Amino acid sequence: MLKIRNLYAYYGPVTALSGVTCHIKEGEIVALIGANGAGKTTLLNAVCGLVRKKGEVIFRGQEVSHLPAERLVSLGISQVPEGRQLFGPMTVADNLELGAYLRYGRQARADIADDLERVFRLFPVLKERQGQVAGTMSGGEQQMLAIARALMARPRLLLLDEPSLGLAPLVVENILATISRLQDEGMTILLVEQNARAALKVAARAYVLETGRIILSGSAQDLLADRQVTRAYLGRDYKEFTEGR
Amino acid sequence: MRQPEFEAISPEELEILQLERLQSTLTRAYRRVKLYRRRFDEAGLRPEAIQTLADLARLPFTTREDLSENYPYGLFAVPLKDIVRIVSSPGTTDRPLVVGYTSQDLRLWLELLARLLVATGVTPEDIVQLILPPGLANWRRDLQAGAEYLGASVIPAATLNFVKELMVMRDYRTSVLITTPSLARHLLKVMTSLGVAPAELALKRALLVAAPLPQPMRRELEESLNLQIGRAYGITEVMGPGLAYSCDSDLGFHFSADHFYPEIIDPETGVVLPPGEEGELVITTLSTVAFPLLRFRSGDKTALNPAPCPCGRTLPRLTGILGRVDAICSVGGIKVHPDHLRALLREALGGHLPPHSWRVAEEDGLEVLEVSLALDETLFSDEVKALEGLCRRVRRHLQDHLGLASHINLKEVKEGETSLV
């Protein structure tokens with residue numbers, strides 16, 4: 001579905017990614033883990049056409065590295081950005097409709113209404129709250145709304161940036177279950193997480209980024225067994241685990 | 001097929017998998033292993049410079065000498081506390097070559113062994129008997145672990161004599177025999193002399209490892225033992241068996257190219273040769289964590305065939321192991337480097353090394369090392385007992401250090417001769 005070769009990304013004079021090669025197959029959940037500043041979000045932004053980059057990005061057989069973000073959305077790549085980035089003062093329903101804005105004029109309103117129903121089936125809580133102002137919902141609900149909004153663009157590939165950030169453990173479980181459910185419906189997902197343990201629970205494979213380069217890749221099971229990964233990225237969880245006893 | 005998603009992978013998928021794994025291996029090696037960092041720096045390269053698989057040819061080779069020089073832990077890419085297994089094999093000097101494994105390396109290794117055994121036709125229902133000499137300790141341990149991982153019933157290698165081995169084979173209803181080509185021939189000789197017919201055994205398959213198997217010998221063994229033969233290729237420095245294995249089509253060894261990147265080079269010039277041409281096999285690890293090896297010169301001569309196999313596997317094939325490009329010789333599968341042998345002889349003889357020669361001889365289908373030593377002034381004694389003791393000492397030293405049987409001949413030196421050939 002997605003093949004990235006020798007991808008470089010820059011923020012001004014700073015090189016944030018230096019030659020990243022990775023791939024995602026259709027229907028897979030792949031996690032991208034690494035410390036703060038390793039380049040995880042940059043990689044998502046580079047795929048979405050949001051940062052200056054060099055290298056090859058092939059999406060469903062088509063070279064897309066030169067395309068602007070809105071073209072990428074209409075080709076089927078949607079990002080759920082870190083921190084949700086909802087339109088706080090607007091209602092849940094309005095936020096969802098905005099997710100489909102690229103489709104207006106091209107497709108019938110009825111189609112969008114269908115999708116709205118599908119999204120409500122996935123997230124019943126959003127149906128109950130469709131009239132509520134987005135900014136007044138809980139963190140978990142906002143995250144669901146952010147994912148739901150991305151789904152309204154009918155993506156084939158969903159890029160999730162830190163969906164568990166700032167959420168209580170139980171809510172994280174809920175979000176993870178949602179991600180698995182999306183996979184069951186055929187969605188392909190690239191998941192960026194600092195919470196490596198959570199990411200490796202739902203993803204089959206993962207890449208480990210360290211200062212702009214992939215230094216390790218493998219099955220989630222292998223990476224959970226890797227002591228360097230355990231020390232570097234699962235350390236906090238371990239501490240919490242032992243301190244909780 | 002154990003892992004069809006990898007063993008029958010499409011060329012496009014294989015290419016990106018190899019490239020991404022290669023790049024992360026290079027990055028890890030560069031960041032964590034001093035020797036590799038120095039090699040990159042000397043070549044004026046950074047890991048990022050390798051943007052395609054072909055770019056790998058820009059990096060220098062790694063040799064067995066590099067492994068010796070960095071004895072024991074110099075090439076490990078993880079802290080020692082992450083290492084769960086340390087394996088040594090004889091090198092070119094008296095320093096062994098040391099390879100470390102993390103726990104996920106061991107998991108990969110077991111999976112590769114399972115691939116190999118499944119390709120040989122081993123199933124969890126089989127009774128697998130190993131007959132391998134102590135000198136092949138690594139093969140013994142690896143294949144035993146792999147067969148157990150697969151769920152077969154395993155009879156580990158013992159130091160039984162062949163009559164006992166044969167009894168076990170018949171009475172325990174062994175269905176798969178794992179041994180070396182020369183031991184398989186020896187077994188056949190023992191069977192003939194004891195009057196045991198193949199029909200009395202339950203053998204269905206044999207996996208013959210650690211040494212080349214010429215076609216005529218293979219046919220002879222398959223016909224007289226009435227079984228199907230599988231083969232495997234592996235070197236201890238690169239995870240041992242499971243590196244490459246034969247299938248039912250028997251058109252070479254499928255190379256686990258999803259975890260190891262193969263190149264065939266001209267051993268003289270170091271230039272990478274196109275598919276089909278014979279040269280030295282050079283291996284780069286793609287997945288191992290503890291012990292990344294970049295462009296390791298195996299010393300084995302072979303060719304690479306990338307065409308898909310009738311068995312359905314798409315992993316490229318080594319079209320047979322055609323010999324060595326270096327001076328290492330194989331005695332019943334045990335690799336012996338001339339320098340190492342010379343060092344051992346010198347030790348056994350108390351620091352003195354007279355003119356000498358050696359060859360691999362066959363005895364009842366078994367390969368033995370035959371060493372001839374010139375009986376010069378230092379070694380000479382007019383007591384037969386002392387000379388016998390000398391031979392015994394050398395024989396035991398070679399047995400202890402190489403784990404192989406040898407014959408020691410003492411030869412008188414003629415006037416003016418300086419070497420034995």
# chains A, B, ... in the order shown; residues from 1 in each chain; ligands from 1
call {"tool": "select_by_dssp", "arguments": {"residues": "stretch 68-98 of chain A", "states": "helix (DSSP H, G or I)", "output": "PyMOL selection string"}}
result
chain A and resi 69-75+92-98
call {"tool": "write_last_selection", "arguments": {"atoms": "C-alpha atoms", "output": "compact mmCIF listing (two decimals), in the first residue's frame"}}
result
# COMPACT_ATOMS: atom_id res chain seq x y z
CA ALA A 69 -1.57 17.61 1.13
CA GLU A 70 -5.11 18.04 -0.23
CA ARG A 71 -4.37 15.81 -3.23
CA LEU A 72 -3.05 13.15 -0.85
CA VAL A 73 -6.26 13.33 1.17
CA SER A 74 -8.36 12.77 -1.92
CA LEU A 75 -6.11 9.85 -2.91
CA VAL A 92 -19.51 17.07 16.82
CA ALA A 93 -21.66 16.86 13.70
CA ASP A 94 -20.05 19.95 12.16
CA ASN A 95 -16.57 18.61 12.86
CA LEU A 96 -17.49 15.37 11.13
CA GLU A 97 -18.92 17.11 8.10
CA LEU A 98 -15.75 19.15 7.75
call {"tool": "interface_residues", "arguments": {"of": "chain A", "to": "chain B", "cutoff": "7 Å", "atoms": "only C-alpha atoms", "output": "list of chain:residue names"}}
result
A:Asn6, A:Ser18, A:Gly19, A:Thr21, A:Cys22, A:Ile214, A:Ile215, A:Leu216, A:Asp222, A:Ala225, A:Asp226, A:Arg227
call {"tool": "residues_around", "arguments": {"residues": "A:Leu160", "least_positions_apart": "2", "cutoff": "8 Å", "atoms": "only C-alpha atoms", "output": "ChimeraX atom specification"}}
result
/A:79-82,158,162-163,189-192
call {"tool": "residues_around", "arguments": {"residues": "B:Asp66", "least_positions_apart": "4", "cutoff": "10 Å", "atoms": "only C-alpha atoms", "output": "PyMOL selection string"}}
result
chain B and resi 35+61-62+70-71+74-75+97+296
call {"tool": "select_by_dssp", "arguments": {"residues": "stretch 85-280 of chain B", "states": "strand (DSSP E)", "output": "ChimeraX atom specification"}}
result
/B:85-89,97-101,127-130,153-155,176-179,205-208,228-235,240-245,253-255,260-265,279-280
call {"tool": "write_last_selection", "arguments": {"atoms": "N, CA and C atoms", "output": "compact mmCIF listing (two decimals), in the first residue's frame"}}
result
# COMPACT_ATOMS: atom_id res chain seq x y z
N ARG B 85 23.21 -16.03 24.42
CA ARG B 85 24.00 -17.20 24.02
C ARG B 85 25.28 -16.74 23.35
N ILE B 86 26.37 -17.42 23.69
CA ILE B 86 27.66 -17.13 23.09
C ILE B 86 28.18 -18.43 22.46
N VAL B 87 28.41 -18.39 21.15
CA VAL B 87 28.79 -19.59 20.42
C VAL B 87 30.19 -19.39 19.83
N SER B 88 31.06 -20.37 19.97
CA SER B 88 32.36 -20.23 19.31
C SER B 88 32.55 -21.32 18.28
N SER B 89 33.36 -21.01 17.28
CA SER B 89 33.75 -22.00 16.29
C SER B 89 35.22 -21.77 15.97
N LEU B 97 36.22 -18.07 16.77
CA LEU B 97 35.35 -16.99 16.32
C LEU B 97 34.13 -17.00 17.23
N VAL B 98 33.79 -15.84 17.76
CA VAL B 98 32.75 -15.77 18.78
C VAL B 98 31.54 -15.02 18.24
N VAL B 99 30.37 -15.63 18.35
CA VAL B 99 29.13 -15.01 17.89
C VAL B 99 28.14 -14.96 19.06
N GLY B 100 27.49 -13.80 19.23
CA GLY B 100 26.51 -13.66 20.30
C GLY B 100 25.09 -13.61 19.75
N TYR B 101 24.15 -14.00 20.58
CA TYR B 101 22.74 -13.98 20.21
C TYR B 101 21.94 -13.30 21.31
N ILE B 127 10.00 -39.00 14.10
CA ILE B 127 11.01 -39.31 15.11
C ILE B 127 12.36 -39.03 14.46
N VAL B 128 13.05 -38.06 15.01
CA VAL B 128 14.27 -37.55 14.38
C VAL B 128 15.49 -38.01 15.18
N GLN B 129 16.41 -38.67 14.51
CA GLN B 129 17.63 -39.13 15.19
C GLN B 129 18.84 -38.38 14.64
N LEU B 130 19.64 -37.83 15.54
CA LEU B 130 20.83 -37.12 15.10
C LEU B 130 22.07 -37.98 15.32
N SER B 153 9.73 -35.66 17.63
CA SER B 153 10.36 -36.37 18.76
C SER B 153 11.82 -36.55 18.41
N VAL B 154 12.70 -36.04 19.24
CA VAL B 154 14.10 -35.95 18.85
C VAL B 154 14.98 -36.87 19.70
N ILE B 155 15.82 -37.64 19.02
CA ILE B 155 16.84 -38.44 19.70
C ILE B 155 18.16 -37.70 19.51
N VAL B 176 13.37 -39.90 10.55
CA VAL B 176 14.25 -38.92 9.91
C VAL B 176 15.64 -39.03 10.53
N LEU B 177 16.63 -39.17 9.67
CA LEU B 177 18.01 -39.25 10.15
C LEU B 177 18.72 -37.95 9.79
N ILE B 178 19.40 -37.36 10.77
CA ILE B 178 20.19 -36.16 10.49
C ILE B 178 21.66 -36.51 10.73
N THR B 179 22.46 -36.43 9.68
CA THR B 179 23.86 -36.79 9.81
C THR B 179 24.67 -36.14 8.69
N ARG B 205 13.27 -40.11 5.50
CA ARG B 205 14.08 -39.00 5.00
C ARG B 205 15.39 -38.90 5.77
N ALA B 206 16.36 -38.31 5.09
CA ALA B 206 17.62 -38.01 5.77
C ALA B 206 18.00 -36.58 5.44
N LEU B 207 18.51 -35.89 6.44
CA LEU B 207 19.04 -34.54 6.23
C LEU B 207 20.55 -34.64 6.39
N LEU B 208 21.25 -34.40 5.29
CA LEU B 208 22.70 -34.55 5.31
C LEU B 208 23.34 -33.16 5.30
N GLN B 228 14.45 -40.25 1.07
CA GLN B 228 14.64 -39.01 0.34
C GLN B 228 15.62 -38.14 1.12
N ILE B 229 16.54 -37.52 0.39
CA ILE B 229 17.58 -36.76 1.08
C ILE B 229 17.36 -35.25 0.95
N GLY B 230 17.45 -34.57 2.07
CA GLY B 230 17.44 -33.11 2.06
C GLY B 230 18.81 -32.63 2.51
N ARG B 231 19.12 -31.39 2.16
CA ARG B 231 20.42 -30.86 2.54
C ARG B 231 20.29 -29.44 3.07
N ALA B 232 21.31 -29.01 3.76
CA ALA B 232 21.29 -27.66 4.30
C ALA B 232 22.67 -27.06 4.19
N TYR B 233 22.69 -25.74 4.07
CA TYR B 233 23.97 -25.05 4.05
C TYR B 233 23.94 -23.98 5.14
N GLY B 234 25.01 -23.90 5.88
CA GLY B 234 25.06 -22.86 6.89
C GLY B 234 26.49 -22.66 7.35
N ILE B 235 26.78 -21.48 7.88
CA ILE B 235 28.07 -21.26 8.50
C ILE B 235 27.83 -20.66 9.88
N GLY B 240 24.52 -20.37 11.46
CA GLY B 240 24.58 -21.81 11.25
C GLY B 240 23.51 -22.29 10.29
N PRO B 241 22.98 -23.52 10.54
CA PRO B 241 22.02 -24.08 9.60
C PRO B 241 20.78 -23.19 9.52
N GLY B 242 20.04 -23.33 8.45
CA GLY B 242 18.86 -22.49 8.30
C GLY B 242 19.16 -21.33 7.38
N LEU B 243 20.44 -21.09 7.14
CA LEU B 243 20.83 -20.04 6.21
C LEU B 243 20.31 -20.39 4.81
N ALA B 244 20.49 -21.65 4.42
CA ALA B 244 20.01 -22.09 3.11
C ALA B 244 19.71 -23.58 3.17
N TYR B 245 18.68 -23.99 2.41
CA TYR B 245 18.23 -25.37 2.52
C TYR B 245 17.65 -25.84 1.21
N PHE B 253 20.09 -24.61 -2.98
CA PHE B 253 19.73 -24.27 -1.60
C PHE B 253 18.98 -22.95 -1.58
N HIS B 254 17.75 -22.96 -1.05
CA HIS B 254 17.02 -21.69 -0.90
C HIS B 254 17.69 -20.87 0.19
N PHE B 255 18.07 -19.66 -0.17
CA PHE B 255 18.81 -18.80 0.74
C PHE B 255 17.83 -17.87 1.45
N PHE B 260 19.10 -12.47 5.35
CA PHE B 260 20.53 -12.35 5.03
C PHE B 260 20.65 -11.95 3.56
N TYR B 261 21.48 -10.96 3.29
CA TYR B 261 21.60 -10.51 1.91
C TYR B 261 22.82 -11.17 1.27
N PRO B 262 22.60 -11.92 0.17
CA PRO B 262 23.72 -12.61 -0.46
C PRO B 262 24.32 -11.81 -1.61
N GLU B 263 25.63 -11.89 -1.74
CA GLU B 263 26.31 -11.37 -2.92
C GLU B 263 27.29 -12.44 -3.37
N ILE B 264 27.53 -12.52 -4.66
CA ILE B 264 28.57 -13.41 -5.17
C ILE B 264 29.65 -12.52 -5.75
N ILE B 265 30.87 -12.70 -5.27
CA ILE B 265 31.95 -11.83 -5.74
C ILE B 265 33.06 -12.65 -6.39
N GLY B 279 31.31 -17.68 -7.88
CA GLY B 279 32.25 -16.86 -7.12
C GLY B 279 32.08 -17.14 -5.64
N GLU B 280 32.64 -16.26 -4.83
CA GLU B 280 32.57 -16.46 -3.38
C GLU B 280 31.29 -15.84 -2.82
call {"tool": "residues_around", "arguments": {"residues": "stretch 128-131 of chain A", "least_positions_apart": "2", "cutoff": "12 Å", "atoms": "only C-alpha atoms", "output": "number ranges by chain"}}
result
A: 89-97, 116-117, 119-121, 123-126, 133-138, 141-142, 144-145, 148
call {"tool": "closest_residue", "arguments": {"among": "B:Pro267, B:Pro181, B:Gly403, B:Gly389", "to": "B:Val336", "atoms": "only C-alpha atoms"}}
result
B:Gly403
call {"tool": "atom_distance", "arguments": {"atom1": "atom CA of A:Arg154", "atom2": "atom CA of A:Gly88"}}
result
22.4 Å
call {"tool": "decode", "arguments": {"residues": "stretch 128-157 of chain A", "atoms": "N, CA and C atoms", "output": "mmCIF file, in the first residue's frame"}}
result
data_model
loop_
_atom_site.group_PDB
_atom_site.id
_atom_site.type_symbol
_atom_site.label_atom_id
_atom_site.label_comp_id
_atom_site.auth_asym_id
_atom_site.auth_seq_id
_atom_site.Cartn_x
_atom_site.Cartn_y
_atom_site.Cartn_z
ATOM 1 N N GLU A 128 -24.705 10.029 20.139
ATOM 2 C CA GLU A 128 -25.401 10.633 21.277
ATOM 3 C C GLU A 128 -25.032 12.109 21.420
ATOM 4 N N ARG A 129 -23.730 12.394 21.124
ATOM 5 C CA ARG A 129 -23.240 13.749 21.396
ATOM 6 C C ARG A 129 -23.187 14.624 20.143
ATOM 7 N N GLN A 130 -23.901 14.257 19.073
ATOM 8 C CA GLN A 130 -23.638 14.978 17.831
ATOM 9 C C GLN A 130 -23.933 16.473 17.899
ATOM 10 N N GLY A 131 -24.793 16.841 18.820
ATOM 11 C CA GLY A 131 -25.087 18.261 18.921
ATOM 12 C C GLY A 131 -24.174 19.001 19.887
ATOM 13 N N GLN A 132 -23.367 18.248 20.611
ATOM 14 C CA GLN A 132 -22.525 18.860 21.647
ATOM 15 C C GLN A 132 -21.341 19.597 21.029
ATOM 16 N N VAL A 133 -20.889 20.636 21.718
ATOM 17 C CA VAL A 133 -19.709 21.373 21.268
ATOM 18 C C VAL A 133 -18.481 20.511 21.547
ATOM 19 N N ALA A 134 -17.640 20.327 20.513
ATOM 20 C CA ALA A 134 -16.540 19.365 20.589
ATOM 21 C C ALA A 134 -15.612 19.645 21.764
ATOM 22 N N GLY A 135 -15.336 20.949 22.011
ATOM 23 C CA GLY A 135 -14.374 21.328 23.040
ATOM 24 C C GLY A 135 -14.790 20.940 24.444
ATOM 25 N N THR A 136 -16.064 20.618 24.645
ATOM 26 C CA THR A 136 -16.526 20.301 25.995
ATOM 27 C C THR A 136 -16.503 18.798 26.277
ATOM 28 N N MET A 137 -16.102 17.994 25.277
ATOM 29 C CA MET A 137 -16.083 16.542 25.498
ATOM 30 C C MET A 137 -14.805 16.126 26.217
ATOM 31 N N SER A 138 -14.815 14.888 26.724
ATOM 32 C CA SER A 138 -13.627 14.361 27.410
ATOM 33 C C SER A 138 -12.525 14.077 26.387
ATOM 34 N N GLY A 139 -11.292 13.883 26.882
ATOM 35 C CA GLY A 139 -10.149 13.633 25.996
ATOM 36 C C GLY A 139 -10.364 12.421 25.105
ATOM 37 N N GLY A 140 -10.885 11.344 25.700
ATOM 38 C CA GLY A 140 -11.108 10.115 24.938
ATOM 39 C C GLY A 140 -12.135 10.332 23.841
ATOM 40 N N GLU A 141 -13.198 11.041 24.194
ATOM 41 C CA GLU A 141 -14.252 11.295 23.206
ATOM 42 C C GLU A 141 -13.727 12.183 22.084
ATOM 43 N N GLN A 142 -12.895 13.149 22.475
ATOM 44 C CA GLN A 142 -12.314 14.031 21.447
ATOM 45 C C GLN A 142 -11.425 13.230 20.499
ATOM 46 N N GLN A 143 -10.672 12.285 21.055
ATOM 47 C CA GLN A 143 -9.808 11.459 20.210
ATOM 48 C C GLN A 143 -10.659 10.646 19.230
ATOM 49 N N MET A 144 -11.767 10.121 19.737
ATOM 50 C CA MET A 144 -12.648 9.356 18.855
ATOM 51 C C MET A 144 -13.215 10.247 17.759
ATOM 52 N N LEU A 145 -13.566 11.451 18.146
ATOM 53 C CA LEU A 145 -14.097 12.386 17.159
ATOM 54 C C LEU A 145 -13.026 12.686 16.095
ATOM 55 N N ALA A 146 -11.783 12.854 16.560
ATOM 56 C CA ALA A 146 -10.706 13.153 15.605
ATOM 57 C C ALA A 146 -10.533 12.000 14.614
ATOM 58 N N ILE A 147 -10.587 10.768 15.125
ATOM 59 C CA ILE A 147 -10.469 9.602 14.229
ATOM 60 C C ILE A 147 -11.675 9.556 13.292
ATOM 61 N N ALA A 148 -12.861 9.778 13.866
ATOM 62 C CA ALA A 148 -14.085 9.731 13.074
ATOM 63 C C ALA A 148 -14.054 10.785 11.965
ATOM 64 N N ARG A 149 -13.547 11.958 12.321
ATOM 65 C CA ARG A 149 -13.476 13.027 11.323
ATOM 66 C C ARG A 149 -12.558 12.615 10.162
ATOM 67 N N ALA A 150 -11.414 11.980 10.515
ATOM 68 C CA ALA A 150 -10.500 11.527 9.462
ATOM 69 C C ALA A 150 -11.171 10.480 8.580
ATOM 70 N N LEU A 151 -12.008 9.640 9.195
ATOM 71 C CA LEU A 151 -12.674 8.582 8.427
ATOM 72 C C LEU A 151 -13.667 9.155 7.420
ATOM 73 N N MET A 152 -14.189 10.346 7.716
ATOM 74 C CA MET A 152 -15.166 10.969 6.825
ATOM 75 C C MET A 152 -14.566 11.300 5.461
ATOM 76 N N ALA A 153 -13.224 11.337 5.386
ATOM 77 C CA ALA A 153 -12.589 11.590 4.086
ATOM 78 C C ALA A 153 -12.437 10.282 3.304
ATOM 79 N N ARG A 154 -12.981 9.200 3.837
ATOM 80 C CA ARG A 154 -12.901 7.876 3.219
ATOM 81 C C ARG A 154 -11.458 7.472 2.897
ATOM 82 N N PRO A 155 -10.596 7.492 3.882
ATOM 83 C CA PRO A 155 -9.195 7.150 3.617
ATOM 84 C C PRO A 155 -9.005 5.655 3.385
ATOM 85 N N ARG A 156 -7.920 5.333 2.694
ATOM 86 C CA ARG A 156 -7.479 3.936 2.591
ATOM 87 C C ARG A 156 -6.356 3.689 3.587
ATOM 88 N N LEU A 157 -5.645 4.783 3.886
ATOM 89 C CA LEU A 157 -4.531 4.701 4.839
ATOM 90 C C LEU A 157 -4.743 5.777 5.894
#
